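What follows is coords-v4.pdb (PDB, C-alpha atoms).
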```pdb
ATOM      1  CA  MET A   1    -149.915  46.637 -50.238  1.00  0.00           C
ATOM      2  CA  GLN A   2    -149.321  44.277 -53.133  1.00  0.00           C
ATOM      3  CA  ARG A   3    -153.033  43.374 -53.117  1.00  0.00           C
ATOM      4  CA  THR A   4    -153.921  47.047 -53.313  1.00  0.00           C
ATOM      5  CA  ALA A   5    -151.707  47.597 -56.331  1.00  0.00           C
ATOM      6  CA  THR A   6    -152.577  44.418 -58.245  1.00  0.00           C
ATOM      7  CA  HIS A   7    -156.173  43.634 -57.267  1.00  0.00           C
ATOM      8  CA  GLY A   8    -157.781  47.062 -57.420  1.00  0.00           C
ATOM      9  CA  VAL A   9    -158.370  47.505 -53.696  1.00  0.00           C
ATOM     10  CA  PRO A  10    -158.938  51.248 -53.141  1.00  0.00           C
ATOM     11  CA  LEU A  11    -156.416  53.054 -50.939  1.00  0.00           C
ATOM     12  CA  LEU A  12    -156.482  56.638 -49.671  1.00  0.00           C
ATOM     13  CA  GLY A  13    -153.384  58.065 -47.986  1.00  0.00           C
ATOM     14  CA  ILE A  14    -153.801  61.325 -46.063  1.00  0.00           C
ATOM     15  CA  CYS A  15    -150.900  63.663 -45.174  1.00  0.00           C
ATOM     16  CA  LEU A  16    -148.036  61.345 -44.156  1.00  0.00           C
ATOM     17  CA  GLY A  17    -150.116  58.514 -45.663  1.00  0.00           C
ATOM     18  CA  MET A  18    -149.797  60.210 -49.056  1.00  0.00           C
ATOM     19  CA  GLN A  19    -146.059  60.591 -48.603  1.00  0.00           C
ATOM     20  CA  LEU A  20    -145.709  56.875 -47.834  1.00  0.00           C
ATOM     21  CA  LEU A  21    -147.080  56.092 -51.314  1.00  0.00           C
ATOM     22  CA  ALA A  22    -143.858  57.443 -52.878  1.00  0.00           C
ATOM     23  CA  GLU A  23    -140.743  55.435 -53.670  1.00  0.00           C
ATOM     24  CA  GLU A  24    -138.661  57.331 -51.130  1.00  0.00           C
ATOM     25  CA  SER A  25    -138.612  60.267 -48.744  1.00  0.00           C
ATOM     26  CA  GLU A  26    -135.866  62.598 -47.625  1.00  0.00           C
ATOM     27  CA  GLU A  27    -137.553  63.378 -44.297  1.00  0.00           C
ATOM     28  CA  HIS A  28    -135.042  62.697 -41.474  1.00  0.00           C
ATOM     29  CA  GLY A  29    -132.634  61.026 -43.921  1.00  0.00           C
ATOM     30  CA  VAL A  30    -133.436  59.059 -47.072  1.00  0.00           C
ATOM     31  CA  HIS A  31    -136.000  56.311 -46.476  1.00  0.00           C
ATOM     32  CA  GLN A  32    -137.788  53.877 -48.742  1.00  0.00           C
ATOM     33  CA  GLY A  33    -141.517  54.359 -49.227  1.00  0.00           C
ATOM     34  CA  LEU A  34    -144.140  51.874 -50.406  1.00  0.00           C
ATOM     35  CA  GLY A  35    -143.402  52.667 -54.060  1.00  0.00           C
ATOM     36  CA  LEU A  36    -147.059  52.563 -55.101  1.00  0.00           C
ATOM     37  CA  ILE A  37    -146.775  55.859 -56.996  1.00  0.00           C
ATOM     38  CA  PRO A  38    -143.393  56.768 -58.520  1.00  0.00           C
ATOM     39  CA  GLY A  39    -141.815  59.845 -56.988  1.00  0.00           C
ATOM     40  CA  ARG A  40    -139.958  61.289 -54.024  1.00  0.00           C
ATOM     41  CA  VAL A  41    -140.989  63.223 -50.954  1.00  0.00           C
ATOM     42  CA  VAL A  42    -138.848  66.356 -50.690  1.00  0.00           C
ATOM     43  CA  ARG A  43    -138.636  69.275 -48.264  1.00  0.00           C
ATOM     44  CA  LEU A  44    -140.575  72.444 -48.981  1.00  0.00           C
ATOM     45  CA  ILE A  45    -138.058  75.162 -49.742  1.00  0.00           C
ATOM     46  CA  PRO A  46    -139.570  78.620 -50.116  1.00  0.00           C
ATOM     47  CA  ASP A  47    -137.812  81.038 -52.430  1.00  0.00           C
ATOM     48  CA  LYS A  48    -139.995  84.051 -51.688  1.00  0.00           C
ATOM     49  CA  PRO A  49    -140.512  86.025 -48.467  1.00  0.00           C
ATOM     50  CA  GLY A  50    -143.657  85.246 -46.505  1.00  0.00           C
ATOM     51  CA  TYR A  51    -143.660  81.482 -47.118  1.00  0.00           C
ATOM     52  CA  ARG A  52    -142.859  79.402 -44.056  1.00  0.00           C
ATOM     53  CA  VAL A  53    -141.990  75.806 -43.310  1.00  0.00           C
ATOM     54  CA  PRO A  54    -143.985  74.082 -42.037  1.00  0.00           C
ATOM     55  CA  ASN A  55    -146.766  75.237 -44.321  1.00  0.00           C
ATOM     56  CA  PHE A  56    -149.828  75.627 -42.103  1.00  0.00           C
ATOM     57  CA  GLY A  57    -153.192  76.953 -43.161  1.00  0.00           C
ATOM     58  CA  TRP A  58    -155.674  77.198 -45.985  1.00  0.00           C
ATOM     59  CA  HIS A  59    -154.608  77.034 -49.633  1.00  0.00           C
ATOM     60  CA  ASP A  60    -156.612  76.814 -52.851  1.00  0.00           C
ATOM     61  CA  ALA A  61    -156.052  73.509 -54.635  1.00  0.00           C
ATOM     62  CA  THR A  62    -156.403  73.330 -58.403  1.00  0.00           C
ATOM     63  CA  PHE A  63    -157.514  69.959 -59.766  1.00  0.00           C
ATOM     64  CA  THR A  64    -156.360  68.116 -62.848  1.00  0.00           C
ATOM     65  CA  ALA A  65    -158.905  66.372 -65.072  1.00  0.00           C
ATOM     66  CA  GLY A  66    -160.138  62.833 -64.649  1.00  0.00           C
ATOM     67  CA  ASN A  67    -159.899  62.259 -60.912  1.00  0.00           C
ATOM     68  CA  PRO A  68    -162.987  60.777 -59.221  1.00  0.00           C
ATOM     69  CA  LEU A  69    -162.202  62.453 -55.868  1.00  0.00           C
ATOM     70  CA  PHE A  70    -162.627  65.992 -57.159  1.00  0.00           C
ATOM     71  CA  ASP A  71    -165.404  67.862 -58.940  1.00  0.00           C
ATOM     72  CA  LYS A  72    -163.983  68.445 -62.411  1.00  0.00           C
ATOM     73  CA  ASN A  73    -166.109  71.586 -62.743  1.00  0.00           C
ATOM     74  CA  ALA A  74    -164.895  73.145 -59.499  1.00  0.00           C
ATOM     75  CA  GLY A  75    -162.509  76.036 -59.543  1.00  0.00           C
ATOM     76  CA  PRO A  76    -159.703  76.338 -57.020  1.00  0.00           C
ATOM     77  CA  THR A  77    -160.939  74.894 -53.722  1.00  0.00           C
ATOM     78  CA  PRO A  78    -159.574  75.693 -50.234  1.00  0.00           C
ATOM     79  CA  PHE A  79    -158.200  72.874 -48.066  1.00  0.00           C
ATOM     80  CA  TYR A  80    -156.309  72.896 -44.765  1.00  0.00           C
ATOM     81  CA  PHE A  81    -152.601  72.000 -44.826  1.00  0.00           C
ATOM     82  CA  ALA A  82    -149.943  71.207 -42.218  1.00  0.00           C
ATOM     83  CA  HIS A  83    -146.740  69.929 -43.877  1.00  0.00           C
ATOM     84  CA  SER A  84    -143.019  70.504 -44.349  1.00  0.00           C
ATOM     85  CA  TYR A  85    -142.519  68.089 -47.262  1.00  0.00           C
ATOM     86  CA  HIS A  86    -144.275  67.486 -50.558  1.00  0.00           C
ATOM     87  CA  PHE A  87    -144.615  64.703 -53.127  1.00  0.00           C
ATOM     88  CA  ALA A  88    -142.538  65.244 -56.275  1.00  0.00           C
ATOM     89  CA  ALA A  89    -144.285  62.850 -58.670  1.00  0.00           C
ATOM     90  CA  ALA A  90    -142.123  61.165 -61.309  1.00  0.00           C
ATOM     91  CA  ASP A  91    -145.040  61.194 -63.781  1.00  0.00           C
ATOM     92  CA  THR A  92    -147.191  64.312 -64.110  1.00  0.00           C
ATOM     93  CA  ALA A  93    -150.123  62.036 -65.018  1.00  0.00           C
ATOM     94  CA  ASP A  94    -150.181  60.992 -61.331  1.00  0.00           C
ATOM     95  CA  VAL A  95    -150.706  64.588 -60.135  1.00  0.00           C
ATOM     96  CA  ALA A  96    -154.348  65.129 -59.162  1.00  0.00           C
ATOM     97  CA  ALA A  97    -154.117  68.586 -57.549  1.00  0.00           C
ATOM     98  CA  THR A  98    -151.609  71.361 -56.915  1.00  0.00           C
ATOM     99  CA  ILE A  99    -151.287  74.547 -54.877  1.00  0.00           C
ATOM    100  CA  ASP A 100    -149.192  77.631 -55.514  1.00  0.00           C
ATOM    101  CA  TYR A 101    -146.405  77.691 -52.935  1.00  0.00           C
ATOM    102  CA  SER A 102    -143.706  80.330 -53.109  1.00  0.00           C
ATOM    103  CA  SER A 103    -143.098  80.742 -56.866  1.00  0.00           C
ATOM    104  CA  ARG A 104    -144.137  77.272 -58.050  1.00  0.00           C
ATOM    105  CA  LYS A 105    -146.894  74.700 -58.088  1.00  0.00           C
ATOM    106  CA  ILE A 106    -146.476  71.787 -55.699  1.00  0.00           C
ATOM    107  CA  THR A 107    -148.374  68.521 -55.774  1.00  0.00           C
ATOM    108  CA  VAL A 108    -150.982  68.146 -53.027  1.00  0.00           C
ATOM    109  CA  ALA A 109    -152.924  65.145 -54.363  1.00  0.00           C
ATOM    110  CA  VAL A 110    -151.858  62.108 -56.367  1.00  0.00           C
ATOM    111  CA  ALA A 111    -153.796  59.327 -58.040  1.00  0.00           C
ATOM    112  CA  ARG A 112    -152.852  56.197 -59.931  1.00  0.00           C
ATOM    113  CA  ASN A 113    -155.564  53.655 -60.739  1.00  0.00           C
ATOM    114  CA  ASN A 114    -157.138  52.774 -57.366  1.00  0.00           C
ATOM    115  CA  ILE A 115    -154.500  54.522 -55.220  1.00  0.00           C
ATOM    116  CA  PHE A 116    -155.054  58.106 -54.024  1.00  0.00           C
ATOM    117  CA  GLY A 117    -153.114  60.454 -51.786  1.00  0.00           C
ATOM    118  CA  LEU A 118    -153.990  63.801 -50.229  1.00  0.00           C
ATOM    119  CA  GLN A 119    -151.411  66.111 -48.649  1.00  0.00           C
ATOM    120  CA  PHE A 120    -154.149  68.232 -47.080  1.00  0.00           C
ATOM    121  CA  HIS A 121    -156.356  67.249 -44.157  1.00  0.00           C
ATOM    122  CA  PRO A 122    -159.890  66.567 -45.425  1.00  0.00           C
ATOM    123  CA  GLU A 123    -161.145  66.102 -41.854  1.00  0.00           C
ATOM    124  CA  LYS A 124    -160.171  69.740 -41.128  1.00  0.00           C
ATOM    125  CA  SER A 125    -161.227  71.137 -44.516  1.00  0.00           C
ATOM    126  CA  GLN A 126    -164.924  71.544 -43.796  1.00  0.00           C
ATOM    127  CA  ASP A 127    -167.395  70.777 -46.601  1.00  0.00           C
ATOM    128  CA  ALA A 128    -164.735  70.506 -49.320  1.00  0.00           C
ATOM    129  CA  GLY A 129    -162.867  67.860 -47.319  1.00  0.00           C
ATOM    130  CA  LEU A 130    -166.027  65.923 -46.514  1.00  0.00           C
ATOM    131  CA  ASP A 131    -166.903  65.976 -50.215  1.00  0.00           C
ATOM    132  CA  VAL A 132    -163.527  64.416 -51.115  1.00  0.00           C
ATOM    133  CA  LEU A 133    -164.002  61.656 -48.526  1.00  0.00           C
ATOM    134  CA  ALA A 134    -167.550  60.991 -49.781  1.00  0.00           C
ATOM    135  CA  ARG A 135    -166.274  60.814 -53.372  1.00  0.00           C
ATOM    136  CA  PHE A 136    -163.623  58.277 -52.313  1.00  0.00           C
ATOM    137  CA  LEU A 137    -166.275  56.072 -50.680  1.00  0.00           C
ATOM    138  CA  THR A 138    -168.533  56.363 -53.733  1.00  0.00           C
ATOM    139  CA  HIS A 139    -165.644  55.461 -56.028  1.00  0.00           C
ATOM    140  CA  ALA A 140    -164.720  52.445 -53.872  1.00  0.00           C
ATOM    141  CA  ARG A 141    -168.332  51.241 -53.931  1.00  0.00           C
ATOM    142  CA  THR A 142    -168.456  51.531 -57.742  1.00  0.00           C
ATOM    143  CA  LEU A 143    -165.446  49.207 -57.833  1.00  0.00           C
ATOM    144  CA  GLY A 144    -167.486  46.716 -55.809  1.00  0.00           C
ATOM    145  CA  ARG A 145    -165.204  46.967 -52.785  1.00  0.00           C
ATOM    146  CA  SER A 146    -166.331  47.149 -49.202  1.00  0.00           C
ATOM    147  CA  VAL A 147    -165.077  50.174 -47.277  1.00  0.00           C
TER     148      VAL A 147
END
```
Once more with this new file: its structure as structure tokens, please.
Amino acid sequence: MQRTATHGVPLLGICLGMQLLAEESEEHGVHQGLGLIPGRVVRLIPDKPGYRVPNFGWHDATFTAGNPLFDKNAGPTPFYFAHSYHFAAADTADVAATIDYSSRKITVAVARNNIFGLQFHPEKSQDAGLDVLARFLTHARTLGRSV
């Protein structure tokens, strides 16, 4: 992991893989993460009726600017989710996408330099998910890295 952080090797964490990028997680006790992106993984706690944990299904993600994995001109885009925890980023600059869950926005994608994380499942998210994976491969190739 040190090589990834210091030598620009691209890394994409999906679902639990995204959560491992954090400094720590509270899932099944408090556990240390890889610490590649500052933040904590915390349990989803709905404060409105109709929101369940785990959060299964399709939700529209809204992208922040400047992330090579997402089309900056796209509006909210549906992706498939299956999770009970979410990444609470320490720095909002690391937040690449959010969804509306209960009465707040939660982080569903993070990015810092060459490190990316997706809470959703791109492999189950049809064309939008395939587009994100293709954009990751394109980005890695522009860095001159083999993938």
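Distances to Leu44 (chain A) were evaluated for A:Val108, A:Leu118, A:Leu143, A:Leu137 using all atoms listed in the file, and the minimum falls at A:Val108.
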Please list as a list in words every residue within 6 Å of Ser25 (chain A), counting only C-alpha atoms and excluding residues in the same chain fewer than 2 positions away. Glu27, Val30, His31, Arg40 and Val41 of chain A
Output the selection as a CSV table (one decimal), in the frame of the given file - C-alpha atoms for each residue.
```
chain,number,residue,atom,x,y,z
A,27,GLU,CA,-137.6,63.4,-44.3
A,30,VAL,CA,-133.4,59.1,-47.1
A,31,HIS,CA,-136.0,56.3,-46.5
A,40,ARG,CA,-140.0,61.3,-54.0
A,41,VAL,CA,-141.0,63.2,-51.0
```
The PyMOL selection byres ((chain A and resi 56) around 9) resolved against shown file, as a PDB file with C-alpha atoms, keeping the file's coordinate frame:
```pdb
ATOM      1  CA  ARG A  52    -142.859  79.402 -44.056  1.00  0.00           C
ATOM      2  CA  VAL A  53    -141.990  75.806 -43.310  1.00  0.00           C
ATOM      3  CA  PRO A  54    -143.985  74.082 -42.037  1.00  0.00           C
ATOM      4  CA  ASN A  55    -146.766  75.237 -44.321  1.00  0.00           C
ATOM      5  CA  GLY A  57    -153.192  76.953 -43.161  1.00  0.00           C
ATOM      6  CA  TRP A  58    -155.674  77.198 -45.985  1.00  0.00           C
ATOM      7  CA  TYR A  80    -156.309  72.896 -44.765  1.00  0.00           C
ATOM      8  CA  PHE A  81    -152.601  72.000 -44.826  1.00  0.00           C
ATOM      9  CA  ALA A  82    -149.943  71.207 -42.218  1.00  0.00           C
ATOM     10  CA  HIS A  83    -146.740  69.929 -43.877  1.00  0.00           C
ATOM     11  CA  SER A  84    -143.019  70.504 -44.349  1.00  0.00           C
TER      12      SER A  84
END
```
Separation of CA of Gln126 (chain A) from CA of Thr142 (chain A) in Å: 24.6 Å
I would like the residues chosen by the PyMOL selection byres ((chain A and resi 21) around 9) on the shown file; could you give them as a CSV table (one decimal) with C-alpha atoms, keeping the file's coordinate frame?
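So the final result, stored in result-v6.csv, reads:
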```
chain,number,residue,atom,x,y,z
A,13,GLY,CA,-153.4,58.1,-48.0
A,16,LEU,CA,-148.0,61.3,-44.2
A,17,GLY,CA,-150.1,58.5,-45.7
A,18,MET,CA,-149.8,60.2,-49.1
A,19,GLN,CA,-146.1,60.6,-48.6
A,20,LEU,CA,-145.7,56.9,-47.8
A,22,ALA,CA,-143.9,57.4,-52.9
A,23,GLU,CA,-140.7,55.4,-53.7
A,24,GLU,CA,-138.7,57.3,-51.1
A,33,GLY,CA,-141.5,54.4,-49.2
A,34,LEU,CA,-144.1,51.9,-50.4
A,35,GLY,CA,-143.4,52.7,-54.1
A,36,LEU,CA,-147.1,52.6,-55.1
A,37,ILE,CA,-146.8,55.9,-57.0
A,38,PRO,CA,-143.4,56.8,-58.5
A,39,GLY,CA,-141.8,59.8,-57.0
A,115,ILE,CA,-154.5,54.5,-55.2
A,116,PHE,CA,-155.1,58.1,-54.0
A,117,GLY,CA,-153.1,60.5,-51.8
```
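Considering all atoms listed in the file, the residue among A:Ala128, A:Ile45, A:Ala61, A:Val9 positioned nearest to Tyr85 (chain A) is A:Ile45.
For the choices A:Ser125, A:Gln32, A:Thr77, A:Thr107, the atom-to-atom distance to Asp91 (chain A) is smallest for A:Thr107 when using all atoms listed in the file.
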What separation in Å, quoted to one decimal, exists between CA of Leu12 (chain A) and CA of Tyr101 (chain A)? 23.6 Å
Would you write out, as a PyMOL selection string, every residue that the PyMOL selection byres ((chain A and resi 121) around 7) captures in this file? chain A and resi 14-15+80-81+119-120+122-125
Give me, please, the distance in Å between CA of Val132 (chain A) and CA of Asn67 (chain A), quoted to one decimal. 10.7 Å
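With all atoms listed in the file as the atoms that count, the minimum distance from Val42 (chain A) to the choices A:Val95, A:Ile106, A:Ala65, A:Ala74 is reached by A:Ile106.
Excluding Leu69 (chain A) itself and same-chain residues fewer than 6 positions from it, the residues having an atom within 9 Å of it are Ala96, Phe116, Asp131, Val132, Leu133, Ala134, Arg135, Phe136 and His139 of chain A, counting all atoms listed in the file.
The residue that comes closest to Arg112 (chain A), out of A:Phe63, A:Gly8, A:Thr138, A:Pro76 and on the basis of all atoms listed in the file, is A:Gly8.
Take the candidates A:Gly50, A:Gly29, A:Gly66, A:Gly129 and check each one against Ser103 (chain A) using only C-alpha atoms; the shortest distance goes to A:Gly50.
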